[in-house]
file my_file.txt (compact mmCIF, C-alpha atoms)
# COMPACT_ATOMS: atom_id res chain seq x y z
CA MET A 319 190.05 12.03 -228.41
CA THR A 320 191.23 15.54 -229.21
CA THR A 321 187.77 16.92 -228.52
CA LYS A 322 187.63 15.24 -225.10
CA LEU A 323 191.10 16.54 -224.25
CA GLY A 324 190.06 20.00 -225.33
CA ARG A 325 186.96 19.86 -223.15
CA LYS A 326 188.99 18.70 -220.14
CA THR A 327 191.51 21.48 -220.67
CA ARG A 328 188.74 24.05 -221.03
CA GLY A 329 187.04 22.73 -217.90
CA LEU A 330 190.31 22.94 -215.95
CA VAL A 331 190.84 26.53 -217.11
CA TYR A 332 187.29 27.48 -216.09
CA ALA A 333 187.78 25.81 -212.70
CA ILE A 334 190.99 27.78 -212.08
CA ILE A 335 189.27 31.01 -213.12
CA ALA A 336 186.32 30.23 -210.84
CA VAL A 337 188.64 29.66 -207.87
CA PHE A 338 190.52 32.86 -208.62
CA VAL A 339 187.29 34.86 -208.89
CA LEU A 340 185.99 33.35 -205.64
CA VAL A 341 189.19 34.24 -203.80
CA GLN A 342 188.93 37.83 -205.07
CA ILE A 343 185.21 38.31 -204.45
CA TYR A 344 184.76 36.51 -201.13
CA PRO A 345 186.41 39.19 -198.91
CA ILE A 346 184.32 41.91 -200.57
CA LEU A 347 181.10 39.93 -200.11
CA TRP A 348 182.00 39.05 -196.53
CA VAL A 349 182.65 42.66 -195.51
CA THR A 350 179.57 43.92 -197.37
CA LEU A 351 177.24 41.35 -195.81
CA SER A 352 178.73 41.96 -192.36
CA SER A 353 178.12 45.70 -192.73
CA LEU A 354 174.40 44.97 -193.22
CA LYS A 355 174.03 42.93 -190.03
CA SER A 356 172.68 44.36 -186.80
CA PRO A 357 174.93 44.31 -183.71
CA ASP A 358 173.03 41.29 -182.38
CA GLU A 359 173.54 39.39 -185.64
CA LEU A 360 177.24 40.18 -185.67
CA ALA A 361 177.55 38.79 -182.15
CA ASP A 362 175.39 35.69 -182.58
CA THR A 363 175.71 34.53 -186.21
CA LEU A 364 178.57 33.02 -188.19
CA ALA A 365 180.58 35.33 -190.44
CA TYR A 366 179.40 33.69 -193.68
CA GLN A 367 175.70 33.74 -192.80
CA LEU A 368 173.45 36.10 -194.73
CA PRO A 369 171.94 39.04 -192.85
CA LYS A 370 168.27 38.75 -191.93
CA GLY A 371 167.57 42.17 -193.35
CA LEU A 372 169.20 45.33 -194.70
CA TYR A 373 170.31 47.02 -191.49
CA LEU A 374 171.71 50.46 -192.38
CA GLY A 375 172.38 51.64 -188.85
CA ASN A 376 176.05 50.69 -189.20
CA TYR A 377 176.48 53.17 -192.05
CA VAL A 378 174.70 55.91 -190.10
CA ARG A 379 177.03 55.40 -187.13
CA ALA A 380 180.10 55.23 -189.36
CA PHE A 381 179.41 58.74 -190.67
CA ALA A 382 178.02 60.14 -187.42
CA THR A 383 180.77 59.01 -185.05
CA SER A 384 183.84 59.71 -187.19
CA GLY A 385 185.26 62.06 -189.80
CA LEU A 386 184.54 59.56 -192.58
CA LEU A 387 182.81 62.12 -194.80
CA ARG A 388 185.74 64.53 -194.44
CA TYR A 389 188.20 61.77 -195.30
CA LEU A 390 186.19 60.96 -198.42
CA ILE A 391 186.17 64.60 -199.50
CA ASN A 392 189.93 64.95 -198.96
CA SER A 393 190.70 61.80 -200.94
CA THR A 394 188.40 62.89 -203.76
CA ILE A 395 189.99 66.35 -204.00
CA VAL A 396 193.51 64.95 -204.06
CA ALA A 397 192.62 62.26 -206.61
CA VAL A 398 190.77 64.57 -209.00
CA LEU A 399 193.39 67.34 -208.94
CA THR A 400 196.28 64.90 -209.31
CA ILE A 401 194.64 63.13 -212.25
CA LEU A 402 193.83 66.41 -214.01
CA VAL A 403 197.38 67.72 -213.68
CA THR A 404 198.87 64.35 -214.65
CA VAL A 405 196.85 64.23 -217.88
CA MET A 406 197.45 67.92 -218.63
CA VAL A 407 201.22 67.41 -218.34
CA GLY A 408 201.62 63.82 -219.52
CA ALA A 409 199.55 63.93 -222.71
CA PRO A 410 201.31 66.98 -224.26
CA ALA A 411 204.68 65.55 -223.22
CA ALA A 412 203.94 62.26 -224.97
CA PHE A 413 202.67 64.13 -228.06
CA ALA A 414 205.88 66.15 -228.23
CA ILE A 415 208.02 63.04 -227.83
CA GLU A 416 206.23 60.94 -230.46
CA LYS A 417 204.94 63.44 -233.01
CA LEU A 418 207.06 66.60 -232.83
CA ARG A 419 210.22 64.47 -232.89
CA PHE A 420 212.60 66.97 -231.37
CA ARG A 421 216.23 66.05 -230.92
CA GLY A 422 216.77 63.62 -228.06
CA ALA A 423 213.07 62.69 -227.72
CA ASP A 424 213.87 59.01 -227.15
CA LYS A 425 216.35 59.93 -224.44
CA VAL A 426 213.74 62.09 -222.73
CA LEU A 427 211.28 59.18 -222.72
CA SER A 428 213.94 56.82 -221.37
CA TYR A 429 214.79 59.33 -218.66
CA LEU A 430 211.13 59.58 -217.66
CA LEU A 431 210.78 55.81 -217.53
CA VAL A 432 213.63 55.65 -215.03
CA GLY A 433 211.10 57.17 -212.63
CA LEU A 434 209.26 53.83 -212.62
CA LEU A 435 212.28 52.26 -210.93
CA VAL A 436 212.47 54.73 -208.05
CA PRO A 437 210.57 53.54 -204.93
CA SER A 438 208.36 56.20 -203.43
CA PHE A 439 209.70 55.76 -199.89
CA ALA A 440 213.20 56.72 -201.11
CA ALA A 441 211.97 60.30 -201.52
CA LEU A 442 209.93 60.38 -198.31
CA LEU A 443 212.42 62.02 -195.93
CA PRO A 444 213.77 64.61 -198.42
CA LEU A 445 210.23 65.57 -199.41
CA PHE A 446 209.17 65.90 -195.78
CA GLU A 447 212.09 68.21 -195.01
CA VAL A 448 211.42 70.37 -198.09
CA PHE A 449 207.66 70.54 -197.53
CA ASN A 450 208.16 71.34 -193.86
CA LYS A 451 210.53 74.21 -194.68
CA ILE A 452 208.24 75.78 -197.27
CA GLY A 453 205.17 75.19 -195.09
CA ILE A 454 202.96 73.02 -197.27
CA THR A 455 202.55 70.04 -194.93
CA ASP A 456 198.90 69.48 -194.04
CA THR A 457 197.88 70.82 -197.44
CA TYR A 458 196.64 69.11 -200.59
CA LEU A 459 199.81 70.18 -202.42
CA ALA A 460 201.89 67.95 -200.15
CA LEU A 461 200.08 64.93 -201.59
CA ILE A 462 199.52 66.12 -205.15
CA ILE A 463 203.17 66.98 -205.92
CA PRO A 464 204.80 63.62 -205.05
CA GLN A 465 201.96 61.56 -206.52
CA LEU A 466 202.14 63.59 -209.72
CA ALA A 467 205.87 62.96 -209.93
CA PHE A 468 205.58 59.20 -209.40
CA ASN A 469 202.51 58.74 -211.65
CA LEU A 470 203.73 60.85 -214.56
CA PRO A 471 206.19 58.30 -216.07
CA MET A 472 203.48 55.67 -216.55
CA CYS A 473 201.12 58.32 -217.93
CA VAL A 474 203.66 59.46 -220.54
CA TYR A 475 204.52 55.86 -221.41
CA LEU A 476 200.90 54.89 -222.07
CA TYR A 477 200.14 58.03 -224.10
CA ALA A 478 203.38 57.73 -226.09
CA GLY A 479 202.68 54.09 -226.91
CA PHE A 480 199.26 54.96 -228.31
CA MET A 481 200.26 58.17 -230.10
CA LYS A 482 203.05 56.32 -231.89
CA GLU A 483 200.35 54.35 -233.72
CA ILE A 484 198.47 57.43 -234.96
CA PRO A 485 199.29 57.81 -238.68
CA ASP A 486 201.50 60.79 -239.44
CA SER A 487 199.52 61.26 -242.68
CA LEU A 488 196.44 62.12 -240.63
CA LEU A 489 198.27 64.86 -238.76
CA GLU A 490 199.93 66.14 -241.93
CA ALA A 491 196.53 66.40 -243.63
CA ALA A 492 195.27 68.50 -240.72
CA ARG A 493 198.35 70.71 -240.92
CA ILE A 494 197.82 71.23 -244.67
CA ASP A 495 194.25 72.29 -243.89
CA GLY A 496 195.64 75.03 -241.67
CA ALA A 497 195.52 73.43 -238.22
CA GLY A 498 198.23 74.45 -235.79
CA THR A 499 200.11 72.15 -233.44
CA TRP A 500 197.78 72.84 -230.52
CA GLN A 501 194.69 72.30 -232.67
CA ILE A 502 196.06 68.99 -233.95
CA PHE A 503 196.74 67.87 -230.40
CA SER A 504 193.45 69.02 -228.88
CA LYS A 505 191.07 68.32 -231.78
CA ILE A 506 192.55 65.10 -233.22
CA VAL A 507 195.05 63.38 -230.96
CA MET A 508 193.29 63.72 -227.60
CA PRO A 509 189.86 62.53 -228.86
CA LEU A 510 191.56 59.51 -230.42
CA SER A 511 193.34 58.87 -227.10
CA ARG A 512 190.11 58.59 -225.10
CA ASN A 513 190.70 54.99 -223.98
CA THR A 514 194.23 55.84 -222.94
CA THR A 515 192.95 58.80 -220.95
CA VAL A 516 190.44 56.56 -219.18
CA THR A 517 193.22 54.08 -218.44
CA VAL A 518 195.51 56.78 -217.04
CA ALA A 519 192.71 58.24 -214.93
CA THR A 520 191.66 54.84 -213.57
CA TYR A 521 195.20 53.67 -212.87
CA ASN A 522 196.04 56.90 -211.06
CA PHE A 523 192.75 57.01 -209.18
CA VAL A 524 193.26 53.56 -207.68
CA PHE A 525 196.85 54.36 -206.74
CA ILE A 526 195.96 57.74 -205.20
CA TRP A 527 192.82 56.48 -203.47
CA ASN A 528 194.78 53.76 -201.67
CA GLU A 529 197.98 55.77 -201.06
CA PHE A 530 199.06 55.56 -197.42
CA VAL A 531 202.74 56.46 -197.01
CA PHE A 532 202.70 60.08 -198.19
CA ALA A 533 199.38 60.83 -196.50
CA ASN A 534 200.55 59.31 -193.23
CA THR A 535 203.76 61.38 -193.35
CA PHE A 536 202.56 64.76 -194.58
CA MET A 537 199.08 64.96 -193.01
CA VAL A 538 198.92 65.50 -189.26
CA ARG A 539 195.71 67.43 -188.75
CA SER A 540 192.69 65.14 -188.52
CA ASP A 541 190.62 67.32 -190.87
CA MET A 542 193.22 66.88 -193.64
CA LYS A 543 193.53 63.10 -193.47
CA THR A 544 192.68 61.08 -196.55
CA LEU A 545 190.57 57.95 -196.47
CA PRO A 546 193.33 55.32 -195.92
CA ILE A 547 194.69 57.26 -192.92
CA GLY A 548 191.26 58.05 -191.56
CA LEU A 549 190.14 54.47 -192.05
CA ASN A 550 193.20 53.22 -190.22
CA ASP A 551 192.37 55.46 -187.26
CA PHE A 552 188.71 54.46 -187.48
CA VAL A 553 189.52 50.76 -187.27
CA GLY A 554 191.87 51.39 -184.38
CA MET A 555 189.34 53.44 -182.44
CA TYR A 556 186.11 51.60 -183.15
CA GLY A 557 187.13 48.19 -184.43
CA GLN A 558 187.02 46.59 -180.98
CA THR A 559 183.69 48.11 -179.96
CA ASP A 560 181.68 48.67 -183.14
CA LEU A 561 182.46 46.11 -185.81
CA GLY A 562 179.37 47.01 -187.82
CA ALA A 563 180.43 50.63 -188.26
CA THR A 564 183.97 49.50 -189.05
CA TYR A 565 182.75 47.15 -191.79
CA SER A 566 180.57 49.93 -193.17
CA ALA A 567 183.51 52.33 -193.34
CA ILE A 568 185.52 49.71 -195.24
CA VAL A 569 182.67 49.18 -197.72
CA VAL A 570 182.35 52.93 -198.29
CA SER A 571 186.08 53.12 -199.05
CA MET A 572 185.78 50.36 -201.70
CA ILE A 573 182.74 51.71 -203.55
CA PRO A 574 184.46 54.34 -205.78
CA THR A 575 187.10 51.97 -207.17
CA LEU A 576 184.55 49.20 -207.72
CA ILE A 577 182.24 51.57 -209.60
CA LEU A 578 185.15 52.84 -211.68
CA TYR A 579 186.23 49.37 -212.79
CA PHE A 580 182.66 48.15 -213.29
CA PHE A 581 181.84 50.89 -215.81
CA LEU A 582 185.26 51.48 -217.39
CA ASN A 583 186.93 48.05 -217.46
CA ARG A 584 186.74 47.68 -221.26
CA GLN A 585 188.24 51.11 -221.89
CA VAL A 586 190.99 50.38 -219.37
CA ILE A 587 191.94 47.11 -221.07
CA SER A 588 191.90 48.75 -224.51
CA GLY A 589 194.00 51.65 -223.27
CA MET A 590 196.56 49.37 -221.61
CA VAL A 591 196.92 47.27 -224.77
CA ALA A 592 197.20 50.31 -227.05
CA GLY A 593 199.66 52.05 -224.76
CA ALA A 594 201.83 49.00 -224.17
CA VAL A 595 202.43 48.20 -227.87
CA ARG A 596 205.54 50.01 -229.00
CA GLY A 597 207.52 49.30 -232.13
call {"tool": "encode", "arguments": {"input": "my_file.txt", "output": "structure tokens"}}
result
Amino acid sequence: MTTKLGRKTRGLVYAIIAVFVLVQIYPILWVTLSSLKSPDELADTLAYQLPKGLYLGNYVRAFATSGLLRYLINSTIVAVLTILVTVMVGAPAAFAIEKLRFRGADKVLSYLLVGLLVPSFAALLPLFEVFNKIGITDTYLALIIPQLAFNLPMCVYLYAGFMKEIPDSLLEAARIDGAGTWQIFSKIVMPLSRNTTVTVATYNFVFIWNEFVFANTFMVRSDMKTLPIGLNDFVGMYGQTDLGATYSAIVVSMIPTLILYFFLNRQVISGMVAGAVRG
């Protein structure tokens, strides 16, 4: 009786998971398959029908008739620079809070975590006025600075949660052997924090890659637009006349995040678990 009940429960759980997965995957499959259909197929076939062949003309038109490549480059530059600076600032800050144990370290961490409660749009108008006065609108700095500020609290929190679990005896042994603070951090702590670094980079990349509000406010010139803004314009301009190119542009925008999660999902999960466990 218990075995049958267990099998029914397990089957119900699998069914729920299957439905959830289907709901998540179907839009991606639908857009991808639509991007591979010729204009005639898009006009004459049902949305869920498979394409007759791999028609790549939609992708060619998507890059040829818009600034899609430029939008990709801008988003990549902003994402990479923001992630680098976030890790370079957040990891040493977490190390100082958890391992150097200066006076008021817990208060500093609590103060940083307050940043998680502040909505990004609350700072939109003040930031625009400041950036406009100092002349950095339509520059990468206008996107890197606010995203760094709003991403840093989570970065410090994840690093601090993991570094708290590193045995002090390990660091003391390195210090006895003559290692300085910077050597301990760079040669011992950071290599041990690899999964957390991957988690921070992935989390920030997805957030930055999809960020719309700051980019829509601070970027006016078309050659400085990031992918979400450029894609929005692309859909508005071509969505009514060239659905194939529009679907292709959407697929191109999804590829980096899908690749990132496909190859790094285990490290991300490990990093989130390690960083979230605090005594």
call {"tool": "residues_near_point", "arguments": {"input": "my_file.txt", "point": "(202.6, 70.6, -200.0)", "cutoff": "6 Å", "atoms": "all atoms listed in the file", "output": "PyMOL selection string"}}
result
chain A and resi 449+454-455+457+459-460
call {"tool": "atom_distance", "arguments": {"input": "my_file.txt", "atom1": "atom CA of A:Asp358", "atom2": "atom CA of A:Leu374"}}
result
13.6 Å
call {"tool": "closest_residue", "arguments": {"input": "my_file.txt", "among": "A:Leu347, A:Val339, A:Val407, A:Ile463", "to": "A:Phe536", "atoms": "all atoms listed in the file"}}
result
A:Ile463
call {"tool": "closest_residue", "arguments": {"input": "my_file.txt", "among": "A:Ala491, A:Ile415, A:Met481, A:Val507", "to": "A:Ser428", "atoms": "all atoms listed in the file"}}
result
A:Ile415
call {"tool": "closest_residue", "arguments": {"input": "my_file.txt", "among": "A:Val405, A:Leu442, A:Leu364, A:Phe480", "to": "A:Asn513", "atoms": "only C-alpha atoms"}}
result
A:Phe480
call {"tool": "atom_distance", "arguments": {"input": "my_file.txt", "atom1": "atom CA of A:Ala397", "atom2": "atom CA of A:Asn522"}}
result
7.8 Å
call {"tool": "residues_around", "arguments": {"input": "my_file.txt", "residues": "stretch 498-500 of chain A", "least_positions_apart": "3", "cutoff": "12 Å", "atoms": "all atoms listed in the file", "output": "number ranges by chain"}}
result
A: 409-410, 413-414, 417-418, 489-495, 503-508
call {"tool": "closest_residue", "arguments": {"input": "my_file.txt", "among": "A:Ala333, A:Leu549, A:Leu561, A:Val531", "to": "A:Ala440", "atoms": "all atoms listed in the file"}}
result
A:Val531
call {"tool": "closest_residue", "arguments": {"input": "my_file.txt", "among": "A:Asp424, A:Glu529, A:Asp362, A:Glu483", "to": "A:Asn469", "atoms": "only C-alpha atoms"}}
result
A:Glu529
call {"tool": "residues_around", "arguments": {"input": "my_file.txt", "residues": "A:Ile577", "least_positions_apart": "6", "cutoff": "12 Å", "atoms": "only C-alpha atoms", "output": "VMD selection string"}}
result
chain A and resid 520 523 to 524 570 to 571 583
call {"tool": "write_last_selection", "arguments": {"input": "my_file.txt", "atoms": "C-alpha atoms", "output": "PDB file, keeping the file's coordinate frame"}}
result
ATOM      1  CA  THR A 520     191.660  54.840-213.570  1.00  0.00           C
ATOM      2  CA  PHE A 523     192.750  57.010-209.180  1.00  0.00           C
ATOM      3  CA  VAL A 524     193.260  53.560-207.680  1.00  0.00           C
ATOM      4  CA  VAL A 570     182.350  52.930-198.290  1.00  0.00           C
ATOM      5  CA  SER A 571     186.080  53.120-199.050  1.00  0.00           C
ATOM      6  CA  ASN A 583     186.930  48.050-217.460  1.00  0.00           C
TER       7      ASN A 583
END
call {"tool": "residues_around", "arguments": {"input": "my_file.txt", "residues": "A:Leu466", "least_positions_apart": "4", "cutoff": "7 Å", "atoms": "only C-alpha atoms", "output": "list of chain:residue names"}}
result
A:Thr400, A:Thr404, A:Ile462, A:Leu470
call {"tool": "atom_distance", "arguments": {"input": "my_file.txt", "atom1": "atom CA of A:Ile395", "atom2": "atom CA of A:Phe381"}}
result
18.6 Å
call {"tool": "residues_around", "arguments": {"input": "my_file.txt", "residues": "A:Leu461", "least_positions_apart": "5", "cutoff": "8 Å", "atoms": "all atoms listed in the file", "output": "list in words"}}
result
Val396, Phe532, Ala533 and Phe536 of chain A
